[in-house]
Amino acid sequence: MKPDLLLLCPLFPATMTQLDAAYTVHRYYEADDKEAFVKGLADRVTATATAGHHGMSVELMRKFPKLKIVSCFGVGVDGIDVPAARQLGIAVTNTPDVLTECVADNALALVLATMRRTVFNDRFVRAGHWLKGNAPLADKVSGTSMGIIGLGRIGKAIAKRAEAFGMMIAYHSRNQQSGVTYRYYDKPLELARNVKVLVVACPGGKETENIVSSDVIAALGKDGYLVNVSRGTTIDEPALVDALANGRIAGAGLDVFVAEPKVPEALFKLDNVVLQPHVSSGTHWTRAAMGQLVVDNLAAYFAGKPLLTQV
Ligand code: 8YV
């Protein structure tokens, strides 16, 4: 008999196929009567799979007294109260490392697309405007300065790429890091004041909520750019929309939003923003590797082996 697995939201299709082959998968998101669904499984379920954006609430964890593992598709676990899970004896795993390169690639894509107006220029050509005159000039990327909020694995991969563009790199994180030559600022405000483009790459959650406050946006100034590949919650979104609409910041490249997939409509008509539907890890290779880690962590748990990537 296959072990039971609670699946909280749809995952990468190949991952779901693997899960279906190994487990009796109970799809929470398909249940009409959630209460009855949970009641029927409460005594049987020891393992759950979910995704970063979806998470798992503590209330739901408590409804499964035998739950031992939440295997999360995504590196960010801000949708899961990890300390509370630990207290309940539940291990949380995530999918680090495999997505680092793609997230960093997309951060650079957003830096380039925003500062060089790539998407604006594409629309300019398609609309036939080039026939009437040249496009407005853009801003130089190479040799300028980049500030990174959160110098973890992803932040470091972004810095490495920016180095290849000859950019001066500075950062803010909870603590100054040893073995790093980039300039450290203990306040995001000071960092913003001293860089051309600010890239947010820290984890989401309460600790980093609005770390890019209206003051940080003001410090970046009318010539500064903002790129976010972290979580929408890290930025004071209404303040950013207002600053973009009124030219108090030069531009922004955004992959994540507070209420995604809902994006503030005021952004749709602005030419100084590049918008992405939370796709920094969204490549075939990376999503497959993330899915494999979800599967491998569950397999390790059921085999009584050490988990691969426990948070
Ligand atoms: C999404 C991400 O989680 O890993 C993360 O934290 O933000 C993304 O990779 C992924 O799309 C699944 O929701």
# chains A, B, ... in the order shown; residues from 1 in each chain; ligands from 1

call {"tool": "select_by_dssp", "arguments": {"residues": "region 41-288 of chain A", "states": "helix (DSSP H, G or I)", "output": "VMD selection string"}}
result
chain A and resid 41 58 to 62 82 to 87 100 to 115 118 to 126 129 to 132 153 to 164 188 to 193 206 to 208 214 to 220 232 to 234 237 to 245 265 to 267 284 to 288

call {"tool": "residues_around", "arguments": {"residues": "region 290-300 of chain A", "least_positions_apart": "2", "cutoff": "7 Å", "atoms": "only C-alpha atoms", "output": "list in words"}}
result
Phe12, Thr15, Leu19, Ser71, Cys72, Phe73, Gly74, Thr95, Val98, Thr286, Arg287, Ala288, Phe302, Ala303, Gly304, Lys305, Pro306, Leu307 and Leu308 of chain A

call {"tool": "write_last_selection", "arguments": {"atoms": "C-alpha atoms", "output": "compact mmCIF listing (two decimals), in the first residue's frame"}}
result
# COMPACT_ATOMS: atom_id res chain seq x y z
CA PHE A 12 5.12 21.31 -11.43
CA THR A 15 6.59 16.42 -9.87
CA LEU A 19 4.20 11.95 -6.33
CA SER A 71 7.99 19.52 1.80
CA CYS A 72 7.92 22.94 0.17
CA PHE A 73 8.44 23.64 -3.55
CA GLY A 74 10.40 26.90 -3.38
CA THR A 95 14.40 23.84 -2.47
CA VAL A 98 18.96 24.61 -7.53
CA THR A 286 15.09 24.73 -12.41
CA ARG A 287 11.46 23.82 -11.86
CA ALA A 288 12.31 20.15 -12.55
CA PHE A 302 9.55 7.81 4.39
CA ALA A 303 12.83 5.81 4.27
CA GLY A 304 13.81 7.11 7.71
CA LYS A 305 16.87 8.81 6.25
CA PRO A 306 18.16 12.35 6.97
CA LEU A 307 16.26 15.04 5.08
CA LEU A 308 18.20 16.68 2.26

call {"tool": "residues_near_ligand", "arguments": {"ligand": "ligand 1", "cutoff": "10 Å", "atoms": "only C-alpha atoms and all ligand atoms", "output": "ChimeraX atom specification"}}
result
/A:9-12,50-55,72-79,94-100,102-103,203-204,229-231,255-256,277-283,286-287,290-291

call {"tool": "closest_residue", "arguments": {"among": "A:Leu88, A:Val197, A:Asn106, A:Gln176", "to": "Ser142 (chain A)", "atoms": "only C-alpha atoms"}}
result
A:Val197

call {"tool": "closest_residue", "arguments": {"among": "A:Asp236, A:Asp271, A:Glu101, A:Glu260", "to": "Asp215 (chain A)", "atoms": "only C-alpha atoms"}}
result
A:Asp236

call {"tool": "closest_residue", "arguments": {"among": "A:Ile69, A:Val58, A:Val263, A:Val311", "to": "Asp81 (chain A)", "atoms": "only C-alpha atoms"}}
result
A:Val58

call {"tool": "select_by_dssp", "arguments": {"residues": "region 111-253 of chain A", "states": "strand (DSSP E or B)", "output": "list in words"}}
result
Ser145, Met146, Gly147, Ile148, Ile149, Met168, Ile169, Ala170, Tyr171, His172, Arg183, Tyr184, Val197, Leu198, Val199, Val200, Val212, Tyr225, Leu226, Val227, Asn228, Ile235, Gly251, Ala252 and Gly253 of chain A

call {"tool": "write_last_selection", "arguments": {"atoms": "N, CA, C and O atoms", "output": "mmCIF file, in the first residue's frame"}}
result
data_model
loop_
_atom_site.group_PDB
_atom_site.id
_atom_site.type_symbol
_atom_site.label_atom_id
_atom_site.label_comp_id
_atom_site.auth_asym_id
_atom_site.auth_seq_id
_atom_site.Cartn_x
_atom_site.Cartn_y
_atom_site.Cartn_z
ATOM 1 N N SER A 145 26.594 51.498 -10.071
ATOM 2 C CA SER A 145 26.641 50.828 -8.765
ATOM 3 C C SER A 145 25.347 50.068 -8.479
ATOM 4 O O SER A 145 24.253 50.526 -8.810
ATOM 5 N N MET A 146 25.518 48.915 -7.855
ATOM 6 C CA MET A 146 24.359 48.101 -7.471
ATOM 7 C C MET A 146 24.382 47.863 -5.963
ATOM 8 O O MET A 146 25.410 47.489 -5.403
ATOM 9 N N GLY A 147 23.225 48.056 -5.342
ATOM 10 C CA GLY A 147 23.059 47.706 -3.926
ATOM 11 C C GLY A 147 22.185 46.473 -3.842
ATOM 12 O O GLY A 147 21.182 46.379 -4.548
ATOM 13 N N ILE A 148 22.577 45.536 -3.004
ATOM 14 C CA ILE A 148 21.795 44.299 -2.883
ATOM 15 C C ILE A 148 21.304 44.175 -1.448
ATOM 16 O O ILE A 148 22.091 44.265 -0.498
ATOM 17 N N ILE A 149 19.994 44.003 -1.304
ATOM 18 C CA ILE A 149 19.446 43.746 0.036
ATOM 19 C C ILE A 149 19.309 42.240 0.175
ATOM 20 O O ILE A 149 18.543 41.606 -0.559
ATOM 21 N N MET A 168 30.024 48.583 -9.253
ATOM 22 C CA MET A 168 30.460 48.664 -7.857
ATOM 23 C C MET A 168 29.322 48.047 -7.040
ATOM 24 O O MET A 168 28.161 48.431 -7.207
ATOM 25 N N ILE A 169 29.673 47.146 -6.136
ATOM 26 C CA ILE A 169 28.615 46.434 -5.413
ATOM 27 C C ILE A 169 28.673 46.739 -3.925
ATOM 28 O O ILE A 169 29.737 46.747 -3.316
ATOM 29 N N ALA A 170 27.501 46.999 -3.370
ATOM 30 C CA ALA A 170 27.366 47.199 -1.930
ATOM 31 C C ALA A 170 26.146 46.394 -1.484
ATOM 32 O O ALA A 170 25.343 45.970 -2.312
ATOM 33 N N TYR A 171 26.027 46.167 -0.182
ATOM 34 C CA TYR A 171 24.898 45.355 0.260
ATOM 35 C C TYR A 171 24.441 45.723 1.658
ATOM 36 O O TYR A 171 25.162 46.358 2.434
ATOM 37 N N HIS A 172 23.224 45.281 1.941
ATOM 38 C CA HIS A 172 22.706 45.322 3.303
ATOM 39 C C HIS A 172 22.178 43.931 3.628
ATOM 40 O O HIS A 172 21.498 43.309 2.805
ATOM 41 N N ARG A 183 31.024 46.586 -0.156
ATOM 42 C CA ARG A 183 30.787 47.513 0.964
ATOM 43 C C ARG A 183 29.469 47.171 1.681
ATOM 44 O O ARG A 183 28.444 46.931 1.039
ATOM 45 N N TYR A 184 29.529 47.179 2.987
ATOM 46 C CA TYR A 184 28.356 46.838 3.805
ATOM 47 C C TYR A 184 27.703 48.090 4.384
ATOM 48 O O TYR A 184 28.397 48.985 4.867
ATOM 49 N N VAL A 197 21.208 51.295 -8.675
ATOM 50 C CA VAL A 197 20.125 50.313 -8.724
ATOM 51 C C VAL A 197 20.154 49.460 -7.463
ATOM 52 O O VAL A 197 21.210 48.968 -7.057
ATOM 53 N N LEU A 198 18.983 49.323 -6.865
ATOM 54 C CA LEU A 198 18.846 48.549 -5.630
ATOM 55 C C LEU A 198 18.106 47.254 -5.966
ATOM 56 O O LEU A 198 17.007 47.292 -6.531
ATOM 57 N N VAL A 199 18.706 46.118 -5.643
ATOM 58 C CA VAL A 199 18.088 44.823 -5.946
ATOM 59 C C VAL A 199 17.710 44.126 -4.641
ATOM 60 O O VAL A 199 18.558 43.957 -3.759
ATOM 61 N N VAL A 200 16.451 43.722 -4.531
ATOM 62 C CA VAL A 200 15.994 43.068 -3.303
ATOM 63 C C VAL A 200 16.039 41.550 -3.500
ATOM 64 O O VAL A 200 15.384 41.003 -4.396
ATOM 65 N N VAL A 212 12.054 47.965 2.134
ATOM 66 C CA VAL A 212 12.164 49.081 1.190
ATOM 67 C C VAL A 212 10.965 49.995 1.473
ATOM 68 O O VAL A 212 9.886 49.863 0.895
ATOM 69 N N TYR A 225 17.020 53.141 -9.554
ATOM 70 C CA TYR A 225 16.155 52.044 -10.000
ATOM 71 C C TYR A 225 16.004 51.007 -8.900
ATOM 72 O O TYR A 225 16.915 50.821 -8.083
ATOM 73 N N LEU A 226 14.876 50.300 -8.933
ATOM 74 C CA LEU A 226 14.607 49.258 -7.942
ATOM 75 C C LEU A 226 14.227 47.964 -8.662
ATOM 76 O O LEU A 226 13.426 47.987 -9.606
ATOM 77 N N VAL A 227 14.817 46.855 -8.228
ATOM 78 C CA VAL A 227 14.470 45.543 -8.796
ATOM 79 C C VAL A 227 14.129 44.612 -7.646
ATOM 80 O O VAL A 227 14.826 44.589 -6.624
ATOM 81 N N ASN A 228 13.028 43.860 -7.797
ATOM 82 C CA ASN A 228 12.625 42.949 -6.713
ATOM 83 C C ASN A 228 12.402 41.537 -7.235
ATOM 84 O O ASN A 228 11.521 41.296 -8.054
ATOM 85 N N ILE A 235 8.568 45.479 -0.086
ATOM 86 C CA ILE A 235 8.502 46.874 -0.541
ATOM 87 C C ILE A 235 7.184 47.508 -0.109
ATOM 88 O O ILE A 235 6.131 46.864 -0.153
ATOM 89 N N GLY A 251 12.869 54.065 -12.274
ATOM 90 C CA GLY A 251 12.189 52.894 -12.819
ATOM 91 C C GLY A 251 12.265 51.712 -11.879
ATOM 92 O O GLY A 251 13.004 51.734 -10.887
ATOM 93 N N ALA A 252 11.493 50.664 -12.199
ATOM 94 C CA ALA A 252 11.508 49.463 -11.362
ATOM 95 C C ALA A 252 11.268 48.227 -12.215
ATOM 96 O O ALA A 252 10.513 48.265 -13.186
ATOM 97 N N GLY A 253 11.951 47.143 -11.843
ATOM 98 C CA GLY A 253 11.732 45.827 -12.456
ATOM 99 C C GLY A 253 11.210 44.903 -11.371
ATOM 100 O O GLY A 253 11.895 44.646 -10.386
#
